[in-house]
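Here is the file model.cif (mmCIF, C-alpha atoms).
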```cif
data_input
loop_
_atom_site.label_atom_id
_atom_site.label_comp_id
_atom_site.auth_asym_id
_atom_site.auth_seq_id
_atom_site.Cartn_x
_atom_site.Cartn_y
_atom_site.Cartn_z
CA MET A 405 67.77 14.73 16.93
CA ASP A 406 67.77 18.35 15.86
CA VAL A 407 67.24 19.14 12.18
CA LYS A 408 68.01 22.48 10.55
CA PHE A 409 67.52 23.73 7.00
CA TRP A 410 70.45 25.63 5.46
CA GLY A 411 69.37 25.45 1.83
CA VAL A 412 65.93 24.55 0.45
CA ARG A 413 65.92 25.70 -3.19
CA GLY A 414 66.41 23.43 -6.17
CA SER A 415 68.51 23.49 -9.34
CA LEU A 416 70.45 26.69 -8.70
CA GLY A 417 70.77 29.48 -6.16
CA SER A 418 67.97 32.03 -6.40
CA PRO A 419 68.51 35.11 -4.19
CA LEU A 420 65.79 37.72 -3.93
CA SER A 421 65.85 40.15 -6.83
CA PRO A 422 65.61 43.94 -6.31
CA GLU A 423 62.08 43.81 -7.73
CA GLN A 424 61.03 41.14 -5.24
CA ILE A 425 62.43 43.13 -2.32
CA GLN A 426 60.64 46.25 -3.55
CA ALA A 427 57.38 44.28 -3.84
CA LYS A 428 57.69 43.22 -0.20
CA ILE A 429 58.30 46.82 0.91
CA ASN A 430 55.36 48.04 -1.15
CA ALA A 431 53.11 45.39 0.40
CA VAL A 432 54.07 46.55 3.90
CA VAL A 433 53.44 50.19 3.03
CA GLN A 434 50.01 49.29 1.64
CA LEU A 435 49.03 47.41 4.81
CA VAL A 436 50.39 49.61 7.60
CA GLN A 437 48.03 51.94 9.50
CA PRO A 438 48.93 54.89 11.79
CA LYS A 439 47.90 52.86 14.84
CA ASP A 440 50.50 50.23 13.89
CA LEU A 441 53.29 52.75 14.46
CA GLU A 442 52.21 54.14 17.83
CA SER A 443 54.53 52.02 19.99
CA GLN A 444 57.11 49.27 19.87
CA ASP A 445 54.44 46.74 20.83
CA ALA A 446 52.13 47.99 18.08
CA ARG A 447 54.89 47.80 15.51
CA GLN A 448 55.82 44.27 16.57
CA LYS A 449 52.18 43.17 16.49
CA PHE A 450 51.83 44.58 12.98
CA LEU A 451 54.97 42.83 11.74
CA SER A 452 53.87 39.51 13.21
CA SER A 453 50.53 39.87 11.42
CA LEU A 454 52.14 40.13 8.00
CA PRO A 455 51.94 37.14 5.63
CA PRO A 456 55.12 35.05 5.88
CA TYR A 457 55.97 35.63 2.22
CA VAL A 458 56.00 39.39 2.91
CA TYR A 459 57.85 39.50 6.23
CA GLY A 460 60.34 36.74 5.46
CA THR A 461 61.73 34.58 2.69
CA ILE A 462 61.93 30.88 1.92
CA GLY A 463 65.62 31.34 1.13
CA GLY A 464 67.72 31.12 -1.99
CA ASN A 465 70.42 28.57 -1.13
CA THR A 466 70.53 25.12 -2.70
CA PRO A 467 70.08 21.96 -0.61
CA CYS A 468 71.84 21.44 2.69
CA VAL A 469 70.24 19.97 5.81
CA GLN A 470 71.95 19.47 9.16
CA VAL A 471 71.03 16.68 11.56
CA THR A 472 72.61 16.80 15.02
CA SER A 473 72.31 13.72 17.18
CA SER A 474 71.72 13.65 20.91
CA SER A 475 75.46 12.99 21.36
CA ASN A 476 76.37 15.99 19.15
CA ASP A 477 77.32 14.04 16.02
CA VAL A 478 76.82 16.38 13.05
CA LEU A 479 75.40 14.79 9.89
CA ILE A 480 75.02 16.94 6.79
CA PHE A 481 72.78 16.00 3.90
CA ASP A 482 73.97 17.47 0.62
CA ALA A 483 76.51 20.19 0.05
CA GLY A 484 74.57 22.84 -1.82
CA THR A 485 75.26 26.54 -1.33
CA GLY A 486 73.54 26.30 2.05
CA MET A 487 76.64 24.48 3.30
CA ARG A 488 78.53 27.79 3.27
CA ALA A 489 75.98 29.27 5.67
CA LEU A 490 76.24 26.18 7.85
CA GLY A 491 80.02 26.66 8.09
CA LEU A 492 79.54 30.27 9.18
CA ASP A 493 77.12 29.37 11.99
CA SER A 494 78.62 30.45 15.31
CA HIS A 495 76.36 27.97 17.12
CA LEU A 496 77.59 24.98 15.12
CA ALA A 497 78.14 22.05 17.46
CA ALA A 498 81.73 21.91 18.68
CA THR A 499 83.18 19.05 16.68
CA THR A 500 86.21 18.13 14.65
CA ARG A 501 84.43 15.55 12.50
CA TYR A 502 81.51 15.97 10.13
CA SER A 503 79.61 13.28 8.25
CA LEU A 504 78.37 14.39 4.81
CA PHE A 505 75.82 12.25 2.96
CA LEU A 506 75.26 12.99 -0.73
CA SER A 507 72.00 12.39 -2.56
CA HIS A 508 73.80 12.70 -5.91
CA LEU A 509 76.42 14.81 -7.63
CA HIS A 510 74.50 17.41 -9.59
CA TRP A 511 76.04 20.83 -9.05
CA ASP A 512 73.32 22.28 -6.87
CA HIS A 513 74.07 19.52 -4.34
CA ILE A 514 77.86 19.83 -4.16
CA GLN A 515 78.75 23.42 -5.09
CA GLY A 516 78.77 24.67 -1.49
CA PHE A 517 81.43 22.21 -0.37
CA PRO A 518 84.50 24.30 -1.37
CA PHE A 519 83.01 27.23 0.59
CA PHE A 520 82.47 25.29 3.83
CA GLY A 521 84.78 27.15 6.24
CA PRO A 522 85.63 24.19 8.52
CA LEU A 523 86.99 22.36 5.47
CA TYR A 524 90.17 24.45 5.73
CA ASP A 525 90.66 23.92 9.48
CA SER A 526 93.54 21.46 9.99
CA LYS A 527 91.78 20.03 13.06
CA VAL A 528 88.65 19.08 11.12
CA ALA A 529 87.99 15.75 9.38
CA ILE A 530 85.08 15.04 7.07
CA ASP A 531 83.59 11.65 6.26
CA ILE A 532 81.74 11.66 2.93
CA TYR A 533 79.17 8.94 2.26
CA SER A 534 77.64 7.97 -1.07
CA PRO A 535 76.63 4.80 -2.94
CA VAL A 536 78.55 6.06 -6.02
CA GLU A 537 81.59 3.82 -6.55
CA ASP A 538 83.99 6.46 -7.89
CA ILE A 539 82.76 9.15 -5.52
CA ALA A 540 86.25 10.43 -4.60
CA GLU A 541 87.28 11.16 -8.18
CA MET A 542 83.97 12.66 -9.22
CA PHE A 543 83.59 14.79 -6.10
CA ALA A 544 87.08 16.27 -6.43
CA MET A 545 86.54 17.51 -9.99
CA GLN A 546 84.93 20.82 -9.05
CA MET A 547 88.00 21.80 -7.00
CA ARG A 548 90.41 21.58 -9.90
CA ALA A 549 91.65 24.35 -12.16
CA PRO A 550 90.12 26.13 -13.94
CA PHE A 551 86.93 25.59 -11.90
CA TYR A 552 88.22 26.57 -8.45
CA PRO A 553 91.39 28.31 -7.16
CA VAL A 554 92.10 25.87 -4.29
CA ASP A 555 92.96 22.36 -5.45
CA PHE A 556 91.27 19.42 -3.75
CA GLY A 557 94.72 18.07 -2.88
CA VAL A 558 95.02 20.76 -0.20
CA VAL A 559 92.26 19.16 1.89
CA LYS A 560 92.01 15.56 0.69
CA ASP A 561 94.13 14.06 3.51
CA ARG A 562 91.43 15.02 6.03
CA ILE A 563 88.58 13.62 3.96
CA LYS A 564 87.53 10.01 3.97
CA PHE A 565 85.20 8.68 1.28
CA ASN A 566 82.85 5.86 2.21
CA VAL A 567 80.93 3.90 -0.41
CA ILE A 568 77.70 2.67 1.13
CA SER A 569 75.09 0.23 -0.18
CA PRO A 570 71.33 0.67 -0.45
CA GLY A 571 69.53 -1.51 2.03
CA LYS A 572 72.51 -1.74 4.36
CA GLU A 573 72.67 0.30 7.55
CA CYS A 574 75.67 2.45 8.45
CA ARG A 575 76.22 4.13 11.81
CA VAL A 576 77.48 7.53 12.90
CA GLY A 577 77.83 7.46 16.65
CA GLY A 578 74.44 6.39 17.97
CA VAL A 579 72.65 7.23 14.73
CA SER A 580 71.61 4.67 12.11
CA VAL A 581 71.53 5.74 8.43
CA SER A 582 70.05 3.79 5.51
CA CYS A 583 69.62 4.75 1.86
CA CYS A 584 67.69 3.72 -1.23
CA LYS A 585 67.96 4.57 -4.92
CA MET A 586 65.22 6.77 -6.32
CA ASN A 587 63.79 7.91 -9.65
CA HIS A 588 66.00 10.73 -10.97
CA PRO A 589 68.10 11.20 -14.16
CA GLY A 590 71.52 9.76 -13.38
CA GLY A 591 70.27 8.37 -10.08
CA SER A 592 69.66 9.89 -6.67
CA TYR A 593 69.53 8.45 -3.17
CA SER A 594 67.23 9.13 -0.26
CA TYR A 595 68.30 8.64 3.36
CA SER A 596 66.65 7.74 6.63
CA VAL A 597 68.21 8.75 9.95
CA GLU A 598 67.11 6.93 13.11
CA GLU A 599 67.92 7.60 16.74
CA ASN A 600 66.09 6.73 19.96
CA GLY A 601 63.09 5.35 18.10
CA LYS A 602 62.62 8.43 15.90
CA LYS A 603 63.12 8.56 12.13
CA VAL A 604 63.60 11.46 9.70
CA VAL A 605 63.94 10.97 5.93
CA TYR A 606 65.81 13.22 3.48
CA ALA A 607 64.45 12.71 -0.05
CA THR A 608 65.37 15.34 -2.59
CA ASP A 609 65.55 15.09 -6.39
CA VAL A 610 63.05 12.29 -6.66
CA GLU A 611 60.13 11.93 -9.05
CA LEU A 612 57.52 10.34 -6.83
CA SER A 613 55.29 9.04 -9.61
CA ASN A 614 55.43 6.19 -12.10
CA PHE A 615 57.98 4.08 -10.27
CA GLU A 616 57.90 0.79 -8.45
CA LEU A 617 58.31 0.42 -4.71
CA ASN A 618 60.92 -2.02 -3.46
CA ASP A 619 62.00 -3.23 -0.04
CA ASP A 620 64.82 -0.65 0.21
CA ILE A 621 62.40 2.23 -0.39
CA LYS A 622 59.89 0.85 2.09
CA LYS A 623 62.63 0.45 4.70
CA VAL A 624 63.80 4.04 4.30
CA PHE A 625 60.41 5.76 4.17
CA GLY A 626 58.07 3.49 6.05
CA TYR A 627 56.48 4.98 9.19
CA ALA A 628 58.90 7.93 9.29
CA ASP A 629 58.16 10.61 11.85
CA VAL A 630 59.24 13.28 9.36
CA ALA A 631 60.04 13.15 5.64
CA ILE A 632 61.71 16.04 3.82
CA LEU A 633 60.40 15.62 0.28
CA ASP A 634 61.19 17.03 -3.13
CA SER A 635 58.18 19.22 -3.96
CA GLN A 636 59.63 21.27 -6.77
CA TYR A 637 56.53 21.86 -8.89
CA THR A 638 52.86 22.65 -8.92
CA PRO A 639 50.84 19.78 -10.44
CA GLN A 640 50.27 21.89 -13.55
CA ASP A 641 54.00 22.53 -14.10
CA ALA A 642 54.86 18.90 -13.38
CA LEU A 643 52.68 17.70 -16.26
CA GLY A 644 55.11 19.13 -18.81
CA LYS A 645 58.22 17.95 -16.97
CA SER A 646 57.82 14.20 -16.80
CA ASN A 647 61.14 12.38 -16.34
CA TRP A 648 62.89 15.54 -15.13
CA GLY A 649 63.36 13.81 -11.78
CA HIS A 650 61.32 16.07 -9.52
CA SER A 651 57.88 15.98 -7.91
CA ALA A 652 54.77 18.05 -7.71
CA PHE A 653 53.79 18.65 -4.10
CA SER A 654 50.76 16.41 -4.61
CA TYR A 655 52.95 13.48 -5.74
CA ALA A 656 55.09 13.93 -2.63
CA LEU A 657 52.11 13.98 -0.29
CA ASP A 658 50.45 10.96 -1.94
CA PHE A 659 53.69 9.04 -1.47
CA ALA A 660 54.09 10.17 2.13
CA VAL A 661 50.61 9.00 3.03
CA GLU A 662 51.22 5.65 1.31
CA MET A 663 54.41 5.23 3.36
CA LYS A 664 52.57 6.10 6.61
CA VAL A 665 54.74 9.17 7.20
CA LYS A 666 53.52 11.35 10.07
CA LYS A 667 54.75 14.74 8.86
CA ALA A 668 56.04 15.96 5.49
CA TYR A 669 58.20 19.01 4.80
CA LEU A 670 57.96 20.44 1.29
CA PHE A 671 61.49 20.99 -0.09
CA HIS A 672 63.60 21.79 -3.19
CA TYR A 673 61.41 24.55 -4.63
CA ASP A 674 61.72 25.57 -8.24
CA PRO A 675 64.09 28.57 -8.56
CA SER A 676 61.54 30.47 -10.65
CA TYR A 677 58.94 30.41 -7.86
CA ASP A 678 58.95 33.49 -5.64
CA ASP A 679 58.07 33.45 -1.94
CA LYS A 680 54.43 34.25 -2.61
CA LYS A 681 54.05 31.32 -5.01
CA VAL A 682 55.79 28.89 -2.65
CA ASN A 683 53.44 30.03 0.11
CA SER A 684 50.43 29.46 -2.16
CA ILE A 685 51.74 25.94 -2.86
CA PHE A 686 51.97 25.40 0.89
CA GLN A 687 48.35 26.48 1.37
CA SER A 688 47.25 24.15 -1.44
CA ALA A 689 49.31 21.33 0.05
CA LYS A 690 47.64 21.70 3.44
CA MET A 691 44.19 21.51 1.87
CA TYR A 692 45.22 18.60 -0.35
CA SER A 693 46.63 16.66 2.60
CA LYS A 694 43.25 16.78 4.36
CA SER A 695 41.56 15.29 1.30
CA ILE A 696 43.90 12.30 1.02
CA SER A 697 44.42 11.28 4.63
CA ALA A 698 42.08 10.63 7.51
CA GLN A 699 45.08 10.20 9.77
CA ASN A 700 46.84 12.88 11.81
CA PHE A 701 49.09 13.78 8.85
CA GLU A 702 50.86 17.15 8.90
CA VAL A 703 52.46 19.28 6.19
CA GLU A 704 55.12 21.93 6.78
CA LEU A 705 57.24 24.23 4.64
CA ALA A 706 61.03 23.88 4.70
CA ILE A 707 62.42 27.40 5.23
CA GLU A 708 66.07 28.34 5.28
CA GLY A 709 67.28 28.85 8.86
CA LYS A 710 64.33 27.05 10.46
CA SER A 711 64.73 23.92 12.58
CA PHE A 712 62.78 21.22 14.36
CA SER A 713 63.52 18.50 16.91
CA LEU A 714 62.56 14.85 17.24
#
```

I'd like the structure from this file rewritten - as structure tokens, please.
Amino acid sequence: MDVKFWGVRGSLGSPLSPEQIQAKINAVVQLVQPKDLESQDARQKFLSSLPPYVYGTIGGNTPCVQVTSSSNDVLIFDAGTGMRALGLDSHLAATTRYSLFLSHLHWDHIQGFPFFGPLYDSKVAIDIYSPVEDIAEMFAMQMRAPFYPVDFGVVKDRIKFNVISPGKECRVGGVSVSCCKMNHPGGSYSYSVEENGKKVVYATDVELSNFELNDDIKKVFGYADVAILDSQYTPQDALGKSNWGHSAFSYALDFAVEMKVKKAYLFHYDPSYDDKKVNSIFQSAKMYSKSISAQNFEVELAIEGKSFSL
């Protein structure tokens, strides 16, 4: 399986502001030395030495994660604004069928769907999966006047809605997908994807504290190779936002260790956190992970445009 992040921010899109771009430029100017400009190699070495929050960005799109199976089946998890970027990708696997799994129907997880270019290709079909019973009606609402200029009726004949059940496996090609209901206002669902003995979990919009484990949750998360976990807040910010349905990074890591997850990706960052703050959370998360696990447990940062393979 290949996994790629197209949107990693939570709640709403948060592009870099002019002030944030200027701060990055100022940081580079403060750090550069004459020797760093002497040659192409020197310039490249200098750029590669810059902190990641200066030289790059976490990204501003809302959640969308692509999983491509070994047989080129394309599974998409959530349809945030990152789904537009996914549709524009010239390296997108050649396919006429996409499988979209929805964690829930809050706007930041569906608002990219009308802007997914392949949606308007007459050769393309999309299977949409969700445990929500009236998913077709609810999902179509955002593509009705006055909210969007193209009515859902234009594309609905090429879309198939599939209501799935927590605890029951569904298959896309050679890939097995299971889901479980999680702790979030209005409900949210996490998914596991398994192929060739490897398992990745997509778990956004979950408050990983003060809730009871059940067999469905254990089945989805247990012994995952990788878990992509809602890590919206610092522990300090999370204290004042109980029952908002999101996690501090420490809650997410505690849960991952309990579920015997091998590697955790922090995900769904608060839109008010700039790149520098998200990077500081990452550094804190790495130190925290060492204090709670004696196992070979790894922590990574989900960054828009980055990918990994299992």

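Counting only C-alpha atoms, the residue from A:Ile632, A:Phe519, A:Ile514, A:Tyr533 that sits nearest to Pro553 of chain A is A:Phe519.
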
Would you list the contacts of segment 468-476 of chain A as a ChimeraX atom specification, taking every protein, DNA or RNA residue within 9 Å and counting only C-alpha atoms, but skipping same-chain residues closer than 5 positions in sequence?
-> /A:405-412,481-487,490,497-499,513,516,577-579,597,599-600,606

Give the centre and edge lengths of an axis-aligned box, in Å to one decimal, that holds all listed atoms of segment 587-593 of chain A with 3 Å on each side, as lines of an AutoDock Vina configuration file.
```
center_x = 67.7
center_y = 9.6
center_z = -8.7
size_x = 13.7
size_y = 9.3
size_z = 17.0
```

Per residue of segment 601-650 of chain A within 12 Å of segment 705-709 of chain A, what are the shortest atom pair and its distance in Å to one decimal, counting all atoms listed in the file, with rows by chain and residue number, as CSV?
```
residue,atom,partner,partner_atom,distance
A:Tyr606,CA,A:Ala706,CA,11.7
A:Val630,CA,A:Ala706,CA,11.7
A:Ala631,CA,A:Ala706,CA,10.8
A:Ile632,CA,A:Ala706,CA,7.9
A:Leu633,CA,A:Ala706,CA,9.4
A:Asp634,CA,A:Ala706,CA,10.4
A:Ser635,CA,A:Leu705,CA,10.0
A:Gln636,CA,A:Ala706,CA,11.8
```

Return as a tab-separated table the residues of segment 545-623 of chain A lying at most 9 Å from segment 665-679 of chain A, together with the closest atom-to-atom pair for each and the distance in Å to one decimal, counting all atoms listed in the file, with rows in chain order and ascending residue number.
```
residue	atom	partner	partner_atom	distance
A:Ala607	CA	A:Phe671	CA	8.8
A:Thr608	CA	A:His672	CA	6.7
A:Asp609	CA	A:His672	CA	7.7
```

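For the choices A:Arg488, A:Phe615, A:Ile568, A:Pro639, the atom-to-atom distance to Ser688 of chain A is smallest for A:Pro639 when using only C-alpha atoms.
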
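Coordinates place atom CA of Glu702 of chain A at a distance of 23.6 Å from atom CA of Val458 of chain A.
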
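Counting only C-alpha atoms, the residue from A:Gly521, A:Pro467, A:Gly601, A:Gly644 that sits nearest to Leu714 of chain A is A:Gly601.
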
Quick one: residues within 12 Å of (87.4, 20.7, 8.9) (file frame), counting all atoms listed in the file, please, as a PyMOL selection string.
-> chain A and resi 491+498-504+517-531+558-564

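Applied to the file shown here, the PyMOL selection byres ((chain A and resi 613) around 9) selects Asn587, Val610, Glu611, Leu612, Asn614, Phe615, Glu616, Ser651, Tyr655, Ala656 and Phe659 of chain A.
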
I need the residue set behind the PyMOL selection byres ((chain A and resi 662) around 10) for this file; please write it as an MDAnalysis selection string.
-> chainID A and resid 622 625:627 656:661 663:665 696:697

Given the PyMOL selection byres ((chain A and resi 584) around 8), the residues it picks as a ChimeraX atom specification | /A:570-571,582-583,585-586,593-595,620-621,624

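Distance check against Ser415 of chain A using only C-alpha atoms: of A:Lys572, A:His510, A:Lys439, A:Arg548, the minimum falls on A:His510.
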
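Between atom CA of Ser534 of chain A and atom CA of Lys623 of chain A the separation is 17.8 Å.
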
Spatial neighbours of Tyr457 of chain A, max dist 6 Å, only C-alpha atoms, sep filter under 2 positions, as a short mmCIF file (atom, residue, chain, number, x, y, z; two decimals) with C-alpha atoms, keeping the file's coordinate frame:
```
data_model
loop_
_atom_site.label_atom_id
_atom_site.label_comp_id
_atom_site.auth_asym_id
_atom_site.auth_seq_id
_atom_site.Cartn_x
_atom_site.Cartn_y
_atom_site.Cartn_z
CA PRO A 455 51.94 37.14 5.63
CA TYR A 459 57.85 39.50 6.23
CA GLY A 460 60.34 36.74 5.46
CA THR A 461 61.73 34.58 2.69
CA ASP A 679 58.07 33.45 -1.94
CA LYS A 680 54.43 34.25 -2.61
#
```

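Nearest-residue note for Gln437 of chain A: choosing from A:Ile480, A:Leu416, A:Leu451, A:Ala549, the minimum distance belongs to A:Leu451, counting all atoms listed in the file.
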
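If you look at atom CA of Glu704 of chain A and atom CA of Ser654 of chain A, they are 13.4 Å away from each other.
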
May I ask which of the residues A:Lys449, A:Lys603, A:Arg413, A:Arg575 is the closest one to Asp512 of chain A, counting only C-alpha atoms?
-> A:Arg413
